[in-house]
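Q: You'll find run16.pdb just under this line, and it carries PDB, C-alpha atoms and all ligand atoms.
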```pdb
MODEL        1
ATOM      1  CA  MET G   1      -1.629  12.072  11.128
ATOM      2  CA  THR G   2      -3.013  11.993   7.624
ATOM      3  CA  LYS G   3      -2.452  14.757   5.117
ATOM      4  CA  PRO G   4      -5.512  16.980   4.626
ATOM      5  CA  LEU G   5      -7.333  16.325   1.368
ATOM      6  CA  ALA G   6      -6.603  18.564  -1.620
ATOM      7  CA  PHE G   7     -10.289  18.551  -2.526
ATOM      8  CA  GLU G   8     -13.753  18.778  -1.027
ATOM      9  CA  ILE G   9     -17.060  17.171  -1.941
ATOM     10  CA  ARG G  10     -19.925  19.296  -3.161
ATOM     11  CA  ASP G  11     -22.734  19.256  -5.738
ATOM     12  CA  SER G  12     -21.556  18.643  -9.289
ATOM     13  CA  ALA G  13     -22.993  19.507 -12.687
ATOM     14  CA  ILE G  14     -21.885  16.087 -13.997
ATOM     15  CA  SER G  15     -23.776  13.916 -11.550
ATOM     16  CA  GLY G  16     -24.875  14.205  -7.941
ATOM     17  CA  LYS G  17     -21.805  15.084  -5.957
ATOM     18  CA  GLY G  18     -18.260  15.688  -7.124
ATOM     19  CA  ALA G  19     -14.740  16.414  -5.868
ATOM     20  CA  PHE G  20     -13.349  19.927  -6.276
ATOM     21  CA  ALA G  21      -9.791  21.127  -5.740
ATOM     22  CA  ILE G  22      -9.444  23.418  -2.710
ATOM     23  CA  ARG G  23      -5.750  24.110  -3.303
ATOM     24  CA  PRO G  24      -3.532  24.015  -6.394
ATOM     25  CA  ILE G  25      -2.654  20.413  -7.284
ATOM     26  CA  ALA G  26       0.521  19.473  -9.146
ATOM     27  CA  ALA G  27       0.680  16.944 -11.984
ATOM     28  CA  GLY G  28       1.583  13.524 -10.624
ATOM     29  CA  GLU G  29       0.376  14.216  -7.095
ATOM     30  CA  ARG G  30      -1.193  11.253  -5.318
ATOM     31  CA  LEU G  31      -4.559  12.505  -4.081
ATOM     32  CA  ILE G  32      -6.287   9.668  -2.287
ATOM     33  CA  GLU G  33      -6.601   5.911  -2.047
ATOM     34  CA  TYR G  34      -9.801   4.348  -3.349
ATOM     35  CA  VAL G  35     -10.916   2.231  -0.411
ATOM     36  CA  GLY G  36     -13.943   0.197   0.569
ATOM     37  CA  GLU G  37     -15.007  -3.327   1.211
ATOM     38  CA  ARG G  38     -13.114  -5.841  -0.946
ATOM     39  CA  ILE G  39     -15.515  -8.325  -2.487
ATOM     40  CA  THR G  40     -15.693 -10.784  -5.392
ATOM     41  CA  HIS G  41     -17.320 -10.001  -8.746
ATOM     42  CA  ARG G  42     -20.007 -12.520  -7.915
ATOM     43  CA  GLU G  43     -20.790 -10.692  -4.679
ATOM     44  CA  ALA G  44     -20.847  -7.368  -6.548
ATOM     45  CA  ASP G  45     -23.324  -8.807  -9.050
ATOM     46  CA  ARG G  46     -25.428 -10.140  -6.204
ATOM     47  CA  ARG G  47     -25.475  -6.768  -4.442
ATOM     48  CA  TYR G  48     -26.125  -4.640  -7.479
ATOM     49  CA  ASP G  49     -28.633  -6.044  -9.864
ATOM     50  CA  ASP G  50     -28.376  -4.030 -13.085
ATOM     51  CA  ASP G  51     -32.018  -4.589 -13.940
ATOM     52  CA  SER G  52     -33.213  -2.872 -10.808
ATOM     53  CA  MET G  53     -30.865   0.072 -11.101
ATOM     54  CA  ASP G  54     -31.348   3.246 -13.069
ATOM     55  CA  GLU G  55     -27.753   4.356 -12.840
ATOM     56  CA  HIS G  56     -24.425   2.630 -13.141
ATOM     57  CA  HIS G  57     -22.486   1.207 -10.192
ATOM     58  CA  THR G  58     -20.820   4.410  -9.203
ATOM     59  CA  PHE G  59     -19.181   3.053  -6.076
ATOM     60  CA  LEU G  60     -17.582  -0.099  -7.490
ATOM     61  CA  PHE G  61     -13.983  -0.288  -8.614
ATOM     62  CA  THR G  62     -12.634  -3.372 -10.359
ATOM     63  CA  VAL G  63      -9.147  -4.152  -9.032
ATOM     64  CA  SER G  64      -8.575  -7.506 -10.734
ATOM     65  CA  SER G  65     -10.418 -10.491 -12.145
ATOM     66  CA  ARG G  66     -10.948 -11.551  -8.549
ATOM     67  CA  THR G  67     -11.537  -8.397  -6.575
ATOM     68  CA  VAL G  68     -13.903  -5.449  -6.631
ATOM     69  CA  ILE G  69     -13.862  -2.593  -4.140
ATOM     70  CA  ASP G  70     -17.332  -1.609  -2.981
ATOM     71  CA  ALA G  71     -16.989   1.925  -1.626
ATOM     72  CA  THR G  72     -20.598   1.947  -0.468
ATOM     73  CA  HIS G  73     -19.150   0.188   2.582
ATOM     74  CA  ASP G  74     -16.122   1.708   4.365
ATOM     75  CA  GLY G  75     -15.526   4.057   1.429
ATOM     76  CA  ASN G  76     -13.961   7.497   1.645
ATOM     77  CA  GLU G  77     -14.236  10.739  -0.359
ATOM     78  CA  SER G  78     -12.684   9.078  -3.417
ATOM     79  CA  ARG G  79     -16.010   7.520  -4.290
ATOM     80  CA  PHE G  80     -17.406  10.951  -5.207
ATOM     81  CA  ILE G  81     -14.834  11.603  -7.932
ATOM     82  CA  ASN G  82     -16.843  11.525 -11.176
ATOM     83  CA  HIS G  83     -16.043   9.967 -14.532
ATOM     84  CA  SER G  84     -14.875  11.990 -17.511
ATOM     85  CA  CYS G  85     -13.673  10.953 -20.967
ATOM     86  CA  GLU G  86     -11.142  13.786 -20.798
ATOM     87  CA  PRO G  87     -10.006  13.485 -17.184
ATOM     88  CA  ASN G  88      -7.518  15.448 -15.106
ATOM     89  CA  CYS G  89      -6.764  12.454 -12.854
ATOM     90  CA  GLU G  90      -6.184   8.755 -13.318
ATOM     91  CA  SER G  91      -6.424   5.627 -11.232
ATOM     92  CA  GLU G  92      -3.425   3.376 -10.696
ATOM     93  CA  ILE G  93      -3.476  -0.082  -9.212
ATOM     94  CA  ASP G  94      -0.406  -0.836  -7.111
ATOM     95  CA  ARG G  95      -0.179  -4.295  -5.573
ATOM     96  CA  GLY G  96      -3.918  -4.562  -5.161
ATOM     97  CA  ARG G  97      -4.397  -1.046  -3.846
ATOM     98  CA  VAL G  98      -5.949   1.735  -5.899
ATOM     99  CA  PHE G  99      -4.716   5.318  -5.903
ATOM    100  CA  ILE G 100      -5.965   8.415  -7.678
ATOM    101  CA  PHE G 101      -3.262  10.655  -9.177
ATOM    102  CA  ALA G 102      -3.411  14.065 -10.851
ATOM    103  CA  LEU G 103      -2.652  13.811 -14.576
ATOM    104  CA  ARG G 104      -1.884  17.501 -14.887
ATOM    105  CA  ASP G 105      -1.765  20.653 -12.780
ATOM    106  CA  ILE G 106      -5.224  21.410 -11.405
ATOM    107  CA  ALA G 107      -6.414  24.843 -10.276
ATOM    108  CA  VAL G 108      -8.500  25.627  -7.198
ATOM    109  CA  GLY G 109     -12.200  25.062  -7.926
ATOM    110  CA  GLU G 110     -11.718  22.603 -10.780
ATOM    111  CA  GLU G 111     -13.673  19.389 -10.535
ATOM    112  CA  LEU G 112     -11.550  16.221 -10.358
ATOM    113  CA  HIS G 113     -12.400  13.233 -12.518
ATOM    114  CA  TYR G 114     -10.847  10.100 -13.920
ATOM    115  CA  ASP G 115     -11.845   7.734 -16.687
ATOM    116  CA  TYR G 116     -13.783   4.839 -15.118
ATOM    117  CA  ALA G 117     -13.365   2.843 -18.353
ATOM    118  CA  TYR G 118     -15.752   0.101 -17.261
ATOM    119  CA  GLU G 119     -14.830  -2.879 -19.343
ATOM    120  CA  ARG G 120     -17.099  -3.686 -22.278
ATOM    121  CA  SER G 121     -18.020  -7.335 -22.326
ATOM    122  CA  GLY G 122     -19.448  -7.141 -25.834
ATOM    123  CA  ASP G 123     -22.910  -8.367 -24.916
ATOM    124  CA  GLU G 124     -24.292  -5.124 -23.539
ATOM    125  CA  THR G 125     -28.023  -4.572 -23.865
ATOM    126  CA  ASP G 126     -29.735  -1.291 -24.788
ATOM    127  CA  LYS G 127     -30.499  -0.937 -21.106
ATOM    128  CA  ASP G 128     -26.783  -1.259 -20.241
ATOM    129  CA  GLU G 129     -25.925   1.357 -22.848
ATOM    130  CA  GLU G 130     -28.476   3.678 -21.303
ATOM    131  CA  GLN G 131     -27.197   3.077 -17.764
ATOM    132  CA  TYR G 132     -23.586   3.643 -18.695
ATOM    133  CA  ARG G 133     -24.165   6.579 -21.013
ATOM    134  CA  CYS G 134     -21.608   9.346 -20.485
ATOM    135  CA  ARG G 135     -22.688  12.931 -20.110
ATOM    136  CA  CYS G 136     -19.302  14.403 -19.289
ATOM    137  CA  GLY G 137     -19.708  16.893 -22.145
ATOM    138  CA  THR G 138     -16.003  17.051 -23.064
ATOM    139  CA  ARG G 139     -14.804  17.443 -26.655
ATOM    140  CA  THR G 140     -13.616  13.841 -26.882
ATOM    141  CA  CYS G 141     -16.547  12.256 -25.029
ATOM    142  CA  ARG G 142     -17.000   8.718 -26.377
ATOM    143  CA  GLY G 143     -20.620   8.686 -25.207
ATOM    144  CA  SER G 144     -20.170   5.833 -22.769
ATOM    145  CA  ILE G 145     -18.491   5.174 -19.449
ATOM    146  CA  MET G 146     -17.653   1.721 -20.835
ATOM    147  CA  GLU G 147     -14.733   1.019 -23.094
ATOM    148  CA  ALA G 148     -13.262  -2.076 -24.710
ATOM    149  CA  LYS G 149     -10.202  -3.286 -22.809
ATOM    150  CA  GLU G 150      -7.854  -3.039 -25.837
ATOM    151  CA  ALA G 151      -8.976   0.510 -26.599
ATOM    152  CA  PHE G 152      -8.405   1.508 -22.997
ATOM    153  CA  HIS G 153      -4.852   0.128 -22.911
ATOM    154  CA  ARG G 154      -3.990   1.628 -26.286
ATOM    155  CA  ARG G 155      -5.213   5.027 -25.168
ATOM    156  CA  ARG G 156      -3.347   4.789 -21.863
ATOM    157  CA  GLN G 157      -0.088   3.946 -23.629
ATOM    158  CA  GLU G 158      -0.507   6.794 -26.082
ATOM    159  CA  LYS G 159      -1.026   9.174 -23.190
ATOM    160  CA  ARG G 160       2.036   7.864 -21.365
ATOM    161  CA  ARG G 161       4.131   8.329 -24.491
ATOM    162  CA  ALA G 162       2.819  11.871 -24.986
ATOM    163  CA  ARG G 163       3.588  12.706 -21.363
ATOM    164  CA  LYS G 164       7.113  11.355 -21.638
ATOM    165  CA  GLU G 165       7.713  13.354 -24.817
ATOM    166  CA  ALA G 166       6.354  16.485 -23.178
ATOM    167  CA  ALA G 167       8.606  15.911 -20.167
ATOM    168  CA  SER G 168      11.757  15.448 -22.254
ATOM    169  CA  ALA G 169      11.009  18.358 -24.626
TER     170      ALA G 169
HETATM  171 ZN    ZN G 201     -17.753  11.345 -21.741
ENDMDL
END
```
Could you write out this file's structure as structure tokens?
Ligand SMILES: [Zn+2]
A:
Amino acid sequence: MTKPLAFEIRDSAISGKGAFAIRPIAAGERLIEYVGERITHREADRRYDDDSMDEHHTFLFTVSSRTVIDATHDGNESRFINHSCEPNCESEIDRGRVFIFALRDIAVGEELHYDYAYERSGDETDKDEEQYRCRCGTRTCRGSIMEAKEAFHRRRQEKRRARKEAASA
């Protein structure tokens, strides 16, 4: 038997559908595994041609330099969790599997989100910028769902440090 989900999917102000807490969630709780068909980057590029798409690849999750999860196929509710630059959840990759954790306590009714941090390649076109524009509306919104790899790791480490300090205070 699987544990019932701590959230449900309904319409979101951020984009399309979103995931909303239906019971109080504790910081650090593992909420769901991000699943779907495991494909190569080349296959992902073949399936989703940027030039013919108006929106970013919402249902793709990059696991490694080799593997992408395409949640359009065999995906679960995790694919509806939206991006935010100031998220209350985060994704963790553990031996090739992807899990979504709560970063802090979350109240009933709050929308769940994590930072997609799509990697910036450095040769993005204006069209890419438009497709990956962020409209999360948070105070620290960086204006894009993309982020340079170094910036992402730096930010993640700073957050870890802050959490540790908060925990030991
Ligand atoms: Zn944002």
Q: On this structure, which residues satisfy the PyMOL selection byres (((not hetatm)) within 9 of (chain G and resi 201)), written as a PDB file with C-alpha atoms, in the coordinates of the input?
A:
```
ATOM      1  CA  HIS G  83     -16.043   9.967 -14.532  1.00  0.00           C
ATOM      2  CA  SER G  84     -14.875  11.990 -17.511  1.00  0.00           C
ATOM      3  CA  CYS G  85     -13.673  10.953 -20.967  1.00  0.00           C
ATOM      4  CA  GLU G  86     -11.142  13.786 -20.798  1.00  0.00           C
ATOM      5  CA  ASP G 115     -11.845   7.734 -16.687  1.00  0.00           C
ATOM      6  CA  ARG G 133     -24.165   6.579 -21.013  1.00  0.00           C
ATOM      7  CA  CYS G 134     -21.608   9.346 -20.485  1.00  0.00           C
ATOM      8  CA  ARG G 135     -22.688  12.931 -20.110  1.00  0.00           C
ATOM      9  CA  CYS G 136     -19.302  14.403 -19.289  1.00  0.00           C
ATOM     10  CA  GLY G 137     -19.708  16.893 -22.145  1.00  0.00           C
ATOM     11  CA  THR G 138     -16.003  17.051 -23.064  1.00  0.00           C
ATOM     12  CA  ARG G 139     -14.804  17.443 -26.655  1.00  0.00           C
ATOM     13  CA  THR G 140     -13.616  13.841 -26.882  1.00  0.00           C
ATOM     14  CA  CYS G 141     -16.547  12.256 -25.029  1.00  0.00           C
ATOM     15  CA  ARG G 142     -17.000   8.718 -26.377  1.00  0.00           C
ATOM     16  CA  GLY G 143     -20.620   8.686 -25.207  1.00  0.00           C
ATOM     17  CA  SER G 144     -20.170   5.833 -22.769  1.00  0.00           C
ATOM     18  CA  ILE G 145     -18.491   5.174 -19.449  1.00  0.00           C
TER      19      ILE G 145
END
```
Q: Which residue gives the smallest distance to Gly109 in chain G among G:Gly75, G:Ala13, G:Arg23, G:Asp126, with only C-alpha atoms counted?
A: G:Arg23
Q: If we count only C-alpha atoms and set the cut-off at 8 Å, which residues sit around Ala71 in chain G, ignoring sequence neighbours fewer than 2 positions away in its own chain? Please answer as a compact mmCIF listing (two decimals) with C-alpha atoms, in the coordinates of the input.
A:
```
# COMPACT_ATOMS: atom_id res chain seq x y z
CA TYR G 34 -9.80 4.35 -3.35
CA VAL G 35 -10.92 2.23 -0.41
CA GLY G 36 -13.94 0.20 0.57
CA GLU G 37 -15.01 -3.33 1.21
CA PHE G 59 -19.18 3.05 -6.08
CA LEU G 60 -17.58 -0.10 -7.49
CA PHE G 61 -13.98 -0.29 -8.61
CA ILE G 69 -13.86 -2.59 -4.14
CA HIS G 73 -19.15 0.19 2.58
CA ASP G 74 -16.12 1.71 4.36
CA GLY G 75 -15.53 4.06 1.43
CA ASN G 76 -13.96 7.50 1.64
CA ARG G 79 -16.01 7.52 -4.29
```
Q: When you draw a straight line from CA of Ser78 in chain G to CA of Phe20 in chain G, how long is it in Å?
A: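 We find that CA of Ser78 in chain G and CA of Phe20 in chain G lie 11.2 Å from each other.
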Q: Once the PyMOL selection byres (((chain G and resi 98) around 12) and not hetatm) has been applied to the shown file, what residues remain in the selection, as a ChimeraX atom specification?
A: /G:30-36,38,60-64,67-69,71,78-79,90-97,99-101
Q: One decimal, Å: what's the distance from CA of Thr72 in chain G over to CA of Tyr116 in chain G, could you say?
A: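 Taking CA of Thr72 in chain G and CA of Tyr116 in chain G, their separation equals 16.4 Å.
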Q: So how many Å separate CA of Pro24 in chain G and CA of Ile106 in chain G, to one decimal?
A: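 Separation of CA of Pro24 in chain G and CA of Ile106 in chain G: 5.9 Å.
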Q: For a quick check of understanding, using all atoms listed in the file, which of G:Ile39, G:Leu112, G:Ala27, G:Ala162 has the smallest distance to Phe7 in chain G?
A: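 Smallest distance to Phe7 in chain G is found for G:Leu112.
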Q: Taking the file as I've supplied it (selection: the PyMOL selection byres (((chain G and resi 5) around 9) and not hetatm)), which residues are included? Please answer as an NGL selection string.
A: :G and (2-4 or 6-8 or 21-22 or 31-32)
Q: Which of these residues is nearest to Ile9 in chain G, using only C-alpha atoms: G:Glu124, G:Glu110, G:Glu158, G:Glu119?
A: G:Glu110
Q: Taking into account all atoms listed in the file, which residue in the set G:Cys89, G:Tyr114, G:Gly18, G:Asp105 is nearest to Glu77 in chain G?
A: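 Of G:Cys89, G:Tyr114, G:Gly18, G:Asp105, the one nearest Glu77 in chain G is G:Gly18, counting all atoms listed in the file.
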